[in-house]
>>> print(open('my_file04.cif').read())   # mmCIF, N, CA and C atoms and all ligand atoms
data_protein
loop_
_atom_site.label_atom_id
_atom_site.label_comp_id
_atom_site.auth_asym_id
_atom_site.auth_seq_id
_atom_site.Cartn_x
_atom_site.Cartn_y
_atom_site.Cartn_z
N MET T 1 -0.73 -15.12 58.32
CA MET T 1 -1.64 -13.97 58.27
C MET T 1 -3.02 -14.40 57.78
N ASP T 2 -4.06 -13.76 58.26
CA ASP T 2 -5.42 -14.09 57.84
C ASP T 2 -5.63 -13.65 56.40
N ASP T 3 -6.52 -14.35 55.73
CA ASP T 3 -6.85 -13.96 54.36
C ASP T 3 -7.48 -12.57 54.35
N LEU T 4 -7.12 -11.79 53.34
CA LEU T 4 -7.71 -10.45 53.18
C LEU T 4 -8.85 -10.53 52.19
N ARG T 5 -9.98 -10.01 52.60
CA ARG T 5 -11.15 -10.05 51.71
C ARG T 5 -11.75 -8.67 51.56
N LYS T 6 -12.38 -8.45 50.43
CA LYS T 6 -13.19 -7.26 50.25
C LYS T 6 -14.19 -7.52 49.13
N VAL T 7 -15.02 -6.55 48.85
CA VAL T 7 -15.97 -6.70 47.75
C VAL T 7 -15.45 -5.90 46.56
N LEU T 8 -15.44 -6.55 45.41
CA LEU T 8 -14.89 -5.92 44.22
C LEU T 8 -15.70 -6.41 43.02
N PHE T 9 -15.74 -5.58 41.98
CA PHE T 9 -16.43 -5.98 40.76
C PHE T 9 -15.60 -7.04 40.06
N CYS T 10 -16.16 -8.23 39.84
CA CYS T 10 -15.43 -9.31 39.16
C CYS T 10 -15.70 -9.23 37.66
N LEU T 11 -14.60 -9.17 36.89
CA LEU T 11 -14.72 -9.06 35.43
C LEU T 11 -15.36 -10.30 34.81
N LYS T 12 -15.11 -11.46 35.42
CA LYS T 12 -15.65 -12.71 34.87
C LYS T 12 -17.14 -12.85 35.21
N CYS T 13 -17.48 -12.60 36.47
CA CYS T 13 -18.88 -12.74 36.90
C CYS T 13 -19.71 -11.52 36.47
N GLU T 14 -19.03 -10.44 36.17
CA GLU T 14 -19.67 -9.17 35.80
C GLU T 14 -20.62 -8.66 36.87
N GLN T 15 -20.23 -8.85 38.12
CA GLN T 15 -20.95 -8.24 39.24
C GLN T 15 -20.06 -8.19 40.48
N ASP T 16 -20.53 -7.49 41.50
CA ASP T 16 -19.76 -7.39 42.74
C ASP T 16 -19.67 -8.74 43.43
N ARG T 17 -18.47 -9.08 43.85
CA ARG T 17 -18.24 -10.36 44.51
C ARG T 17 -17.30 -10.17 45.68
N THR T 18 -17.29 -11.15 46.58
CA THR T 18 -16.27 -11.15 47.61
C THR T 18 -15.00 -11.70 46.98
N VAL T 19 -13.91 -10.97 47.17
CA VAL T 19 -12.62 -11.39 46.61
C VAL T 19 -11.63 -11.59 47.74
N VAL T 20 -10.65 -12.43 47.50
CA VAL T 20 -9.64 -12.72 48.51
C VAL T 20 -8.26 -12.50 47.88
N LEU T 21 -7.35 -11.98 48.70
CA LEU T 21 -6.01 -11.70 48.20
C LEU T 21 -5.20 -13.01 48.16
N VAL T 22 -4.72 -13.37 46.98
CA VAL T 22 -3.93 -14.60 46.81
C VAL T 22 -2.74 -14.29 45.90
N ARG T 23 -1.88 -15.28 45.74
CA ARG T 23 -0.76 -15.09 44.82
C ARG T 23 -0.46 -16.39 44.08
N ASN T 24 0.06 -16.24 42.88
CA ASN T 24 0.62 -17.36 42.12
C ASN T 24 2.12 -17.20 42.16
N ILE T 25 2.82 -18.31 42.29
CA ILE T 25 4.28 -18.25 42.19
C ILE T 25 4.64 -18.68 40.77
N THR T 26 5.32 -17.80 40.05
CA THR T 26 5.65 -18.09 38.65
C THR T 26 6.81 -19.07 38.57
N SER T 27 7.07 -19.55 37.36
CA SER T 27 8.16 -20.52 37.20
C SER T 27 9.51 -19.91 37.54
N SER T 28 9.59 -18.56 37.52
CA SER T 28 10.86 -17.94 37.91
C SER T 28 10.90 -17.64 39.41
N GLY T 29 9.84 -18.00 40.14
CA GLY T 29 9.86 -17.89 41.59
C GLY T 29 9.29 -16.59 42.16
N THR T 30 8.82 -15.69 41.30
CA THR T 30 8.25 -14.45 41.82
C THR T 30 6.75 -14.63 42.08
N SER T 31 6.25 -13.84 43.03
CA SER T 31 4.84 -13.92 43.37
C SER T 31 4.05 -12.89 42.59
N GLN T 32 2.95 -13.34 41.99
CA GLN T 32 2.02 -12.42 41.34
C GLN T 32 0.78 -12.38 42.22
N VAL T 33 0.57 -11.21 42.83
CA VAL T 33 -0.51 -11.08 43.81
C VAL T 33 -1.75 -10.49 43.13
N PHE T 34 -2.90 -11.04 43.45
CA PHE T 34 -4.13 -10.54 42.83
C PHE T 34 -5.35 -10.84 43.69
N TRP T 35 -6.44 -10.14 43.38
CA TRP T 35 -7.71 -10.40 44.04
C TRP T 35 -8.40 -11.52 43.29
N MET T 36 -8.67 -12.61 43.98
CA MET T 36 -9.37 -13.73 43.35
C MET T 36 -10.82 -13.74 43.78
N CYS T 37 -11.70 -13.83 42.82
CA CYS T 37 -13.13 -13.92 43.09
C CYS T 37 -13.41 -15.25 43.78
N GLU T 38 -14.14 -15.22 44.89
CA GLU T 38 -14.42 -16.47 45.60
C GLU T 38 -15.50 -17.29 44.90
N THR T 39 -16.23 -16.66 44.01
CA THR T 39 -17.29 -17.39 43.31
C THR T 39 -16.74 -18.15 42.11
N CYS T 40 -16.00 -17.46 41.24
CA CYS T 40 -15.52 -18.13 40.02
C CYS T 40 -14.06 -18.55 40.14
N GLU T 41 -13.40 -18.14 41.21
CA GLU T 41 -11.99 -18.48 41.46
C GLU T 41 -11.05 -17.98 40.37
N LYS T 42 -11.48 -16.94 39.67
CA LYS T 42 -10.62 -16.33 38.66
C LYS T 42 -10.13 -14.98 39.20
N ARG T 43 -9.20 -14.38 38.44
CA ARG T 43 -8.72 -13.05 38.80
C ARG T 43 -9.87 -12.06 38.61
N ALA T 44 -10.23 -11.34 39.67
CA ALA T 44 -11.38 -10.45 39.59
C ALA T 44 -11.10 -9.24 38.70
N GLU T 45 -9.85 -8.77 38.73
CA GLU T 45 -9.48 -7.66 37.85
C GLU T 45 -8.25 -8.10 37.07
N LYS T 46 -8.03 -7.43 35.96
CA LYS T 46 -6.95 -7.84 35.06
C LYS T 46 -5.57 -7.76 35.69
N LYS T 47 -5.36 -6.68 36.44
CA LYS T 47 -3.99 -6.41 36.87
C LYS T 47 -3.56 -7.21 38.10
N PHE T 48 -2.26 -7.42 38.17
CA PHE T 48 -1.66 -7.92 39.39
C PHE T 48 -1.34 -6.71 40.26
N ILE T 49 -1.25 -6.94 41.57
CA ILE T 49 -1.02 -5.82 42.48
C ILE T 49 0.48 -5.68 42.74
N LYS T 50 0.96 -4.46 42.60
CA LYS T 50 2.40 -4.20 42.77
C LYS T 50 2.85 -4.56 44.19
N HIS T 51 4.02 -5.17 44.28
CA HIS T 51 4.55 -5.56 45.59
C HIS T 51 4.70 -4.37 46.53
N GLU T 52 5.09 -3.22 45.97
CA GLU T 52 5.29 -2.03 46.82
C GLU T 52 3.99 -1.63 47.52
N ILE T 53 2.89 -1.79 46.79
CA ILE T 53 1.60 -1.40 47.37
C ILE T 53 1.25 -2.31 48.55
N ILE T 54 1.50 -3.61 48.36
CA ILE T 54 1.17 -4.57 49.42
C ILE T 54 2.08 -4.37 50.63
N GLU T 55 3.37 -4.24 50.35
CA GLU T 55 4.32 -4.04 51.45
C GLU T 55 4.08 -2.69 52.13
N GLY T 56 3.70 -1.70 51.32
CA GLY T 56 3.40 -0.38 51.87
C GLY T 56 2.21 -0.39 52.81
N SER T 57 1.32 -1.37 52.61
CA SER T 57 0.16 -1.50 53.50
C SER T 57 0.48 -2.37 54.72
N GLY T 58 1.73 -2.81 54.81
CA GLY T 58 2.16 -3.56 55.99
C GLY T 58 1.98 -5.07 55.87
N TYR T 59 1.76 -5.57 54.66
CA TYR T 59 1.59 -7.02 54.49
C TYR T 59 2.86 -7.64 53.94
N VAL T 60 3.04 -8.92 54.25
CA VAL T 60 4.23 -9.65 53.80
C VAL T 60 3.82 -10.56 52.64
N ILE T 61 4.46 -10.34 51.49
CA ILE T 61 4.11 -11.09 50.28
C ILE T 61 4.14 -12.60 50.53
N ASP T 62 5.21 -13.07 51.17
CA ASP T 62 5.38 -14.51 51.36
C ASP T 62 4.32 -15.14 52.27
N GLU T 63 3.55 -14.29 52.96
CA GLU T 63 2.53 -14.85 53.86
C GLU T 63 1.15 -14.88 53.21
N ILE T 64 1.05 -14.32 52.01
CA ILE T 64 -0.24 -14.33 51.31
C ILE T 64 -0.52 -15.74 50.80
N ARG T 65 -1.78 -16.12 50.87
CA ARG T 65 -2.18 -17.48 50.47
C ARG T 65 -1.77 -17.77 49.02
N ILE T 66 -1.22 -18.97 48.81
CA ILE T 66 -0.78 -19.37 47.47
C ILE T 66 -1.92 -20.05 46.73
N LYS T 67 -2.21 -19.57 45.54
CA LYS T 67 -3.22 -20.26 44.72
C LYS T 67 -2.53 -21.31 43.86
N GLU T 68 -1.63 -20.88 42.99
CA GLU T 68 -0.90 -21.84 42.15
C GLU T 68 0.59 -21.64 42.33
N ASP T 69 1.31 -22.75 42.40
CA ASP T 69 2.75 -22.68 42.52
C ASP T 69 3.38 -23.32 41.28
N TYR T 70 3.91 -22.47 40.42
CA TYR T 70 4.50 -22.96 39.17
C TYR T 70 6.02 -23.00 39.26
N SER T 71 6.57 -22.84 40.49
CA SER T 71 8.01 -22.66 40.59
C SER T 71 8.81 -23.90 40.18
N ASN T 72 8.16 -25.07 40.19
CA ASN T 72 8.89 -26.27 39.76
C ASN T 72 8.67 -26.57 38.29
N GLN T 73 7.90 -25.74 37.61
CA GLN T 73 7.61 -26.01 36.22
C GLN T 73 8.58 -25.29 35.31
N THR T 74 8.89 -25.94 34.21
CA THR T 74 9.77 -25.32 33.24
C THR T 74 8.98 -24.28 32.45
N PRO T 75 9.52 -23.08 32.31
CA PRO T 75 8.77 -22.05 31.60
C PRO T 75 8.71 -22.28 30.09
N CYS T 76 7.65 -21.74 29.51
CA CYS T 76 7.50 -21.73 28.04
C CYS T 76 8.67 -20.96 27.45
N ILE T 77 9.31 -21.52 26.41
CA ILE T 77 10.48 -20.84 25.84
C ILE T 77 10.09 -19.59 25.06
N ILE T 78 8.81 -19.44 24.76
CA ILE T 78 8.37 -18.24 24.04
C ILE T 78 8.03 -17.10 25.01
N CYS T 79 7.19 -17.39 26.01
CA CYS T 79 6.66 -16.29 26.83
C CYS T 79 6.98 -16.41 28.31
N GLY T 80 7.50 -17.55 28.77
CA GLY T 80 7.87 -17.67 30.18
C GLY T 80 6.76 -18.13 31.10
N GLU T 81 5.55 -18.31 30.59
CA GLU T 81 4.46 -18.87 31.39
C GLU T 81 4.78 -20.34 31.67
N PRO T 82 4.09 -20.95 32.66
CA PRO T 82 4.38 -22.36 32.94
C PRO T 82 4.24 -23.23 31.69
N GLY T 83 5.21 -24.08 31.48
CA GLY T 83 5.24 -24.85 30.24
C GLY T 83 4.81 -26.30 30.40
N GLU T 84 4.46 -26.90 29.29
CA GLU T 84 4.21 -28.33 29.23
C GLU T 84 5.12 -28.86 28.13
N PHE T 85 5.50 -30.14 28.21
CA PHE T 85 6.46 -30.65 27.24
C PHE T 85 5.83 -30.78 25.87
N HIS T 86 6.52 -30.20 24.90
CA HIS T 86 6.04 -30.25 23.53
C HIS T 86 6.96 -31.15 22.72
N HIS T 87 6.40 -32.23 22.17
CA HIS T 87 7.19 -33.15 21.34
C HIS T 87 7.32 -32.56 19.94
N TRP T 88 8.57 -32.49 19.47
CA TRP T 88 8.75 -31.96 18.12
C TRP T 88 8.05 -32.83 17.09
N MET T 89 8.17 -34.17 17.29
CA MET T 89 7.43 -35.08 16.42
C MET T 89 6.11 -35.38 17.13
N PRO T 90 4.99 -34.99 16.55
CA PRO T 90 3.72 -35.25 17.24
C PRO T 90 3.60 -36.72 17.66
N GLN T 91 3.14 -36.91 18.91
CA GLN T 91 3.05 -38.27 19.44
C GLN T 91 2.21 -39.18 18.56
N ALA T 92 1.18 -38.62 17.95
CA ALA T 92 0.31 -39.43 17.08
C ALA T 92 1.10 -40.00 15.91
N PHE T 93 2.06 -39.22 15.41
CA PHE T 93 2.87 -39.70 14.28
C PHE T 93 3.86 -40.78 14.72
N ILE T 94 4.37 -40.65 15.94
CA ILE T 94 5.33 -41.65 16.43
C ILE T 94 4.65 -43.02 16.43
N LYS T 95 3.40 -43.02 16.88
CA LYS T 95 2.64 -44.28 16.87
C LYS T 95 2.32 -44.71 15.44
N GLU T 96 1.74 -43.78 14.70
CA GLU T 96 1.25 -44.11 13.36
C GLU T 96 2.35 -44.66 12.45
N TYR T 97 3.55 -44.07 12.55
CA TYR T 97 4.64 -44.50 11.68
C TYR T 97 5.63 -45.43 12.38
N SER T 98 5.24 -45.92 13.58
CA SER T 98 6.10 -46.82 14.36
C SER T 98 7.54 -46.32 14.43
N LEU T 99 7.69 -45.07 14.82
CA LEU T 99 9.02 -44.47 14.88
C LEU T 99 9.74 -44.88 16.16
N ASN T 100 11.05 -44.75 16.14
CA ASN T 100 11.88 -45.00 17.30
C ASN T 100 11.35 -44.20 18.49
N SER T 101 11.24 -44.84 19.65
CA SER T 101 10.64 -44.16 20.81
C SER T 101 11.49 -42.99 21.31
N LYS T 102 12.73 -42.90 20.83
CA LYS T 102 13.56 -41.75 21.23
C LYS T 102 12.94 -40.43 20.77
N TRP T 103 12.08 -40.50 19.79
CA TRP T 103 11.39 -39.28 19.35
C TRP T 103 10.59 -38.66 20.48
N TYR T 104 10.13 -39.49 21.43
CA TYR T 104 9.36 -38.95 22.56
C TYR T 104 10.18 -38.01 23.43
N ARG T 105 11.51 -38.19 23.37
CA ARG T 105 12.36 -37.42 24.29
C ARG T 105 12.74 -36.05 23.76
N ILE T 106 12.61 -35.83 22.47
CA ILE T 106 13.06 -34.54 21.97
C ILE T 106 11.91 -33.56 21.83
N GLY T 107 12.19 -32.37 22.31
CA GLY T 107 11.16 -31.34 22.28
C GLY T 107 11.58 -30.19 23.16
N ASP T 108 10.64 -29.36 23.48
CA ASP T 108 10.93 -28.23 24.33
C ASP T 108 9.67 -27.86 25.08
N PHE T 109 9.78 -26.88 25.99
CA PHE T 109 8.62 -26.53 26.80
C PHE T 109 7.89 -25.33 26.22
N LEU T 110 6.57 -25.49 26.10
CA LEU T 110 5.70 -24.42 25.64
C LEU T 110 4.51 -24.34 26.59
N CYS T 111 3.97 -23.14 26.77
CA CYS T 111 2.74 -23.02 27.55
C CYS T 111 1.60 -23.59 26.72
N HIS T 112 0.46 -23.81 27.35
CA HIS T 112 -0.66 -24.43 26.64
C HIS T 112 -1.06 -23.59 25.41
N HIS T 113 -1.06 -22.28 25.58
CA HIS T 113 -1.45 -21.40 24.49
C HIS T 113 -0.51 -21.55 23.29
N HIS T 114 0.80 -21.43 23.53
CA HIS T 114 1.74 -21.53 22.42
C HIS T 114 1.83 -22.96 21.87
N HIS T 115 1.56 -23.92 22.72
CA HIS T 115 1.63 -25.33 22.32
C HIS T 115 0.44 -25.70 21.43
N VAL T 116 -0.75 -25.53 21.98
CA VAL T 116 -1.94 -26.03 21.29
C VAL T 116 -2.53 -24.99 20.35
N ASP T 117 -2.70 -23.76 20.85
CA ASP T 117 -3.36 -22.74 20.03
C ASP T 117 -2.50 -22.24 18.88
N ILE T 118 -1.19 -22.22 19.07
CA ILE T 118 -0.32 -21.71 18.02
C ILE T 118 0.34 -22.85 17.25
N TRP T 119 1.20 -23.61 17.93
CA TRP T 119 1.99 -24.61 17.20
C TRP T 119 1.11 -25.66 16.53
N HIS T 120 0.29 -26.33 17.31
CA HIS T 120 -0.53 -27.39 16.71
C HIS T 120 -1.55 -26.85 15.73
N ASP T 121 -2.08 -25.69 16.03
CA ASP T 121 -3.07 -25.10 15.14
C ASP T 121 -2.49 -24.83 13.75
N ILE T 122 -1.25 -24.34 13.73
CA ILE T 122 -0.62 -23.99 12.46
C ILE T 122 0.00 -25.22 11.79
N VAL T 123 0.71 -26.02 12.59
CA VAL T 123 1.50 -27.09 12.00
C VAL T 123 0.71 -28.38 11.81
N THR T 124 -0.13 -28.70 12.76
CA THR T 124 -0.91 -29.95 12.66
C THR T 124 -2.38 -29.66 12.90
N PRO T 125 -3.00 -28.84 12.06
CA PRO T 125 -4.41 -28.50 12.32
C PRO T 125 -5.28 -29.75 12.37
N GLY T 126 -6.14 -29.80 13.37
CA GLY T 126 -7.06 -30.93 13.47
C GLY T 126 -6.50 -32.14 14.20
N LEU T 127 -5.18 -32.15 14.47
CA LEU T 127 -4.59 -33.33 15.12
C LEU T 127 -4.90 -33.38 16.60
N VAL T 128 -4.84 -32.22 17.26
CA VAL T 128 -5.11 -32.16 18.70
C VAL T 128 -6.49 -31.54 18.91
N PRO T 129 -7.38 -32.26 19.57
CA PRO T 129 -8.72 -31.70 19.81
C PRO T 129 -8.63 -30.42 20.61
N LYS T 130 -9.39 -29.43 20.23
CA LYS T 130 -9.37 -28.10 20.89
C LYS T 130 -10.17 -28.13 22.17
N LYS T 131 -9.57 -27.56 23.23
CA LYS T 131 -10.32 -27.34 24.48
C LYS T 131 -10.70 -25.88 24.51
N GLU T 132 -11.92 -25.60 24.84
CA GLU T 132 -12.33 -24.18 24.91
C GLU T 132 -11.89 -23.60 26.23
ZN ZN T 201 -16.05 -13.97 39.57
ZN ZN T 202 3.99 -19.39 25.86
#
>>> encode(input="my_file04.cif", output="structure tokens", more="lines below")
Ligand SMILES: [Zn+2]
Ligand SMILES: [Zn+2]
Amino acid sequence: MDDLRKVLFCLKCEQDRTVVLVRNITSSGTSQVFWMCETCEKRAEKKFIKHEIIEGSGYVIDEIRIKEDYSNQTPCIICGEPGEFHHWMPQAFIKEYSLNSKWYRIGDFLCHHHHVDIWHDIVTPGLVPKKE
């Protein structure tokens, strides 16, 4: 199916922009459909569009252009967003204290927010440089 476009107020650009209908596939395999601003490539409005609305307009969810596919990623154990591997023993300490490399294998999956902004911020402040 052809990309669907329209003009919509983009929250990030704070002005009217051309937006295109796209979807992200979450780690649980469901599609989150939204209007993406073609200028900043962010979600133009906060909400995702309900599947019933899209199907009710005669469109097929699976044919909408995919922006991000997180279906192969392990979800964050806290919130379910796409996760990254979090080492229980900070990697910097494994090196610094010459610990057994098996420490690299133990951990769990956290999204970037819960990993860096929450866990590292509270437990190891200053150890991981902050990305804005
Ligand atoms: Zn924008
Ligand atoms: Zn999370």
>>> closest_residue(input="my_file04.cif", among="T:Pro82, T:Tyr70, T:His87, T:Pro125", to="ligand ZN 202 (chain T)", atoms="only N, CA and C atoms and all ligand atoms")
T:Pro82
>>> atom_distance(input="my_file04.cif", atom1="CA of Gly80 in chain T", atom2="CA of Val116 in chain T")
15.7 Å
>>> residues_around(input="my_file04.cif", residues="Phe109 in chain T", least_positions_apart="2", cutoff="7 Å", atoms="only N, CA and C atoms", output="CSV table (one decimal) with N, CA and C atoms, in the frame of the given file")
chain,number,residue,atom,x,y,z
T,74,THR,N,8.9,-25.9,34.2
T,74,THR,CA,9.8,-25.3,33.2
T,74,THR,C,9.0,-24.3,32.4
T,75,PRO,N,9.5,-23.1,32.3
T,75,PRO,CA,8.8,-22.0,31.6
T,75,PRO,C,8.7,-22.3,30.1
T,76,CYS,N,7.6,-21.7,29.5
T,76,CYS,CA,7.5,-21.7,28.0
T,76,CYS,C,8.7,-21.0,27.4
T,77,ILE,N,9.3,-21.5,26.4
T,77,ILE,CA,10.5,-20.8,25.8
T,77,ILE,C,10.1,-19.6,25.1
T,78,ILE,N,8.8,-19.4,24.8
T,78,ILE,CA,8.4,-18.2,24.0
T,78,ILE,C,8.0,-17.1,25.0
T,82,PRO,N,4.1,-21.0,32.7
T,82,PRO,CA,4.4,-22.4,32.9
T,82,PRO,C,4.2,-23.2,31.7
T,83,GLY,N,5.2,-24.1,31.5
T,83,GLY,CA,5.2,-24.8,30.2
T,83,GLY,C,4.8,-26.3,30.4
T,84,GLU,N,4.5,-26.9,29.3
T,84,GLU,CA,4.2,-28.3,29.2
T,84,GLU,C,5.1,-28.9,28.1
T,85,PHE,N,5.5,-30.1,28.2
T,85,PHE,CA,6.5,-30.6,27.2
T,85,PHE,C,5.8,-30.8,25.9
T,86,HIS,N,6.5,-30.2,24.9
T,86,HIS,CA,6.0,-30.2,23.5
T,86,HIS,C,7.0,-31.2,22.7
T,107,GLY,N,12.2,-32.4,22.3
T,107,GLY,CA,11.2,-31.3,22.3
T,107,GLY,C,11.6,-30.2,23.2
T,111,CYS,N,4.0,-23.1,26.8
T,111,CYS,CA,2.7,-23.0,27.6
T,111,CYS,C,1.6,-23.6,26.7
>>> atom_distance(input="my_file04.cif", atom1="atom N of Lys6 in chain T", atom2="atom C of Ser57 in chain T")
14.9 Å
>>> closest_residue(input="my_file04.cif", among="T:Ile94, T:Ile66, T:Leu11, T:Leu110", to="ligand ZN 202 (chain T)", atoms="all atoms listed in the file")
T:Leu110
>>> residues_near_ligand(input="my_file04.cif", ligand="ligand ZN 201 (chain T)", cutoff="5 Å", atoms="all atoms listed in the file", output="number ranges by chain")
T: 10, 12-13, 37, 39-40
>>> atom_distance(input="my_file04.cif", atom1="atom C of Val19 in chain T", atom2="CA of Glu55 in chain T")
18.0 Å
>>> closest_residue(input="my_file04.cif", among="T:Glu81, T:Asp3, T:Asp16, T:Asp69", to="ligand ZN 202 (chain T)", atoms="only C-alpha atoms and all ligand atoms")
T:Glu81
>>> select_by_dssp(input="my_file04.cif", residues="chain T", states="strand (DSSP E or B)", output="JSON, numbers by chain")
{"T": [5, 6, 7, 8, 9, 10, 15, 16, 17, 18, 19, 20, 21, 22, 23, 24, 25, 31, 32, 33, 34, 35, 36, 37, 43, 49, 65, 66, 67, 68, 69, 75, 82, 84, 85, 86, 87, 107, 108, 109, 110]}
>>> write_last_selection(input="my_file04.cif", atoms="N, CA and C atoms", output="short mmCIF file (atom, residue, chain, number, x, y, z; two decimals), keeping the file's coordinate frame")
data_model
loop_
_atom_site.label_atom_id
_atom_site.label_comp_id
_atom_site.auth_asym_id
_atom_site.auth_seq_id
_atom_site.Cartn_x
_atom_site.Cartn_y
_atom_site.Cartn_z
N ARG T 5 -9.98 -10.01 52.60
CA ARG T 5 -11.15 -10.05 51.71
C ARG T 5 -11.75 -8.67 51.56
N LYS T 6 -12.38 -8.45 50.43
CA LYS T 6 -13.19 -7.26 50.25
C LYS T 6 -14.19 -7.52 49.13
N VAL T 7 -15.02 -6.55 48.85
CA VAL T 7 -15.97 -6.70 47.75
C VAL T 7 -15.45 -5.90 46.56
N LEU T 8 -15.44 -6.55 45.41
CA LEU T 8 -14.89 -5.92 44.22
C LEU T 8 -15.70 -6.41 43.02
N PHE T 9 -15.74 -5.58 41.98
CA PHE T 9 -16.43 -5.98 40.76
C PHE T 9 -15.60 -7.04 40.06
N CYS T 10 -16.16 -8.23 39.84
CA CYS T 10 -15.43 -9.31 39.16
C CYS T 10 -15.70 -9.23 37.66
N GLN T 15 -20.23 -8.85 38.12
CA GLN T 15 -20.95 -8.24 39.24
C GLN T 15 -20.06 -8.19 40.48
N ASP T 16 -20.53 -7.49 41.50
CA ASP T 16 -19.76 -7.39 42.74
C ASP T 16 -19.67 -8.74 43.43
N ARG T 17 -18.47 -9.08 43.85
CA ARG T 17 -18.24 -10.36 44.51
C ARG T 17 -17.30 -10.17 45.68
N THR T 18 -17.29 -11.15 46.58
CA THR T 18 -16.27 -11.15 47.61
C THR T 18 -15.00 -11.70 46.98
N VAL T 19 -13.91 -10.97 47.17
CA VAL T 19 -12.62 -11.39 46.61
C VAL T 19 -11.63 -11.59 47.74
N VAL T 20 -10.65 -12.43 47.50
CA VAL T 20 -9.64 -12.72 48.51
C VAL T 20 -8.26 -12.50 47.88
N LEU T 21 -7.35 -11.98 48.70
CA LEU T 21 -6.01 -11.70 48.20
C LEU T 21 -5.20 -13.01 48.16
N VAL T 22 -4.72 -13.37 46.98
CA VAL T 22 -3.93 -14.60 46.81
C VAL T 22 -2.74 -14.29 45.90
N ARG T 23 -1.88 -15.28 45.74
CA ARG T 23 -0.76 -15.09 44.82
C ARG T 23 -0.46 -16.39 44.08
N ASN T 24 0.06 -16.24 42.88
CA ASN T 24 0.62 -17.36 42.12
C ASN T 24 2.12 -17.20 42.16
N ILE T 25 2.82 -18.31 42.29
CA ILE T 25 4.28 -18.25 42.19
C ILE T 25 4.64 -18.68 40.77
N SER T 31 6.25 -13.84 43.03
CA SER T 31 4.84 -13.92 43.37
C SER T 31 4.05 -12.89 42.59
N GLN T 32 2.95 -13.34 41.99
CA GLN T 32 2.02 -12.42 41.34
C GLN T 32 0.78 -12.38 42.22
N VAL T 33 0.57 -11.21 42.83
CA VAL T 33 -0.51 -11.08 43.81
C VAL T 33 -1.75 -10.49 43.13
N PHE T 34 -2.90 -11.04 43.45
CA PHE T 34 -4.13 -10.54 42.83
C PHE T 34 -5.35 -10.84 43.69
N TRP T 35 -6.44 -10.14 43.38
CA TRP T 35 -7.71 -10.40 44.04
C TRP T 35 -8.40 -11.52 43.29
N MET T 36 -8.67 -12.61 43.98
CA MET T 36 -9.37 -13.73 43.35
C MET T 36 -10.82 -13.74 43.78
N CYS T 37 -11.70 -13.83 42.82
CA CYS T 37 -13.13 -13.92 43.09
C CYS T 37 -13.41 -15.25 43.78
N ARG T 43 -9.20 -14.38 38.44
CA ARG T 43 -8.72 -13.05 38.80
C ARG T 43 -9.87 -12.06 38.61
N ILE T 49 -1.25 -6.94 41.57
CA ILE T 49 -1.02 -5.82 42.48
C ILE T 49 0.48 -5.68 42.74
N ARG T 65 -1.78 -16.12 50.87
CA ARG T 65 -2.18 -17.48 50.47
C ARG T 65 -1.77 -17.77 49.02
N ILE T 66 -1.22 -18.97 48.81
CA ILE T 66 -0.78 -19.37 47.47
C ILE T 66 -1.92 -20.05 46.73
N LYS T 67 -2.21 -19.57 45.54
CA LYS T 67 -3.22 -20.26 44.72
C LYS T 67 -2.53 -21.31 43.86
N GLU T 68 -1.63 -20.88 42.99
CA GLU T 68 -0.90 -21.84 42.15
C GLU T 68 0.59 -21.64 42.33
N ASP T 69 1.31 -22.75 42.40
CA ASP T 69 2.75 -22.68 42.52
C ASP T 69 3.38 -23.32 41.28
N PRO T 75 9.52 -23.08 32.31
CA PRO T 75 8.77 -22.05 31.60
C PRO T 75 8.71 -22.28 30.09
N PRO T 82 4.09 -20.95 32.66
CA PRO T 82 4.38 -22.36 32.94
C PRO T 82 4.24 -23.23 31.69
N GLU T 84 4.46 -26.90 29.29
CA GLU T 84 4.21 -28.33 29.23
C GLU T 84 5.12 -28.86 28.13
N PHE T 85 5.50 -30.14 28.21
CA PHE T 85 6.46 -30.65 27.24
C PHE T 85 5.83 -30.78 25.87
N HIS T 86 6.52 -30.20 24.90
CA HIS T 86 6.04 -30.25 23.53
C HIS T 86 6.96 -31.15 22.72
N HIS T 87 6.40 -32.23 22.17
CA HIS T 87 7.19 -33.15 21.34
C HIS T 87 7.32 -32.56 19.94
N GLY T 107 12.19 -32.37 22.31
CA GLY T 107 11.16 -31.34 22.28
C GLY T 107 11.58 -30.19 23.16
N ASP T 108 10.64 -29.36 23.48
CA ASP T 108 10.93 -28.23 24.33
C ASP T 108 9.67 -27.86 25.08
N PHE T 109 9.78 -26.88 25.99
CA PHE T 109 8.62 -26.53 26.80
C PHE T 109 7.89 -25.33 26.22
N LEU T 110 6.57 -25.49 26.10
CA LEU T 110 5.70 -24.42 25.64
C LEU T 110 4.51 -24.34 26.59
#
>>> closest_residue(input="my_file04.cif", among="T:Leu127, T:Ile118, T:Val22, T:Cys79", to="ligand ZN 202 (chain T)", atoms="all atoms listed in the file")
T:Cys79
>>> closest_residue(input="my_file04.cif", among="T:His120, T:Met36, T:Ile25, T:His114", to="ligand ZN 202 (chain T)", atoms="all atoms listed in the file")
T:His114
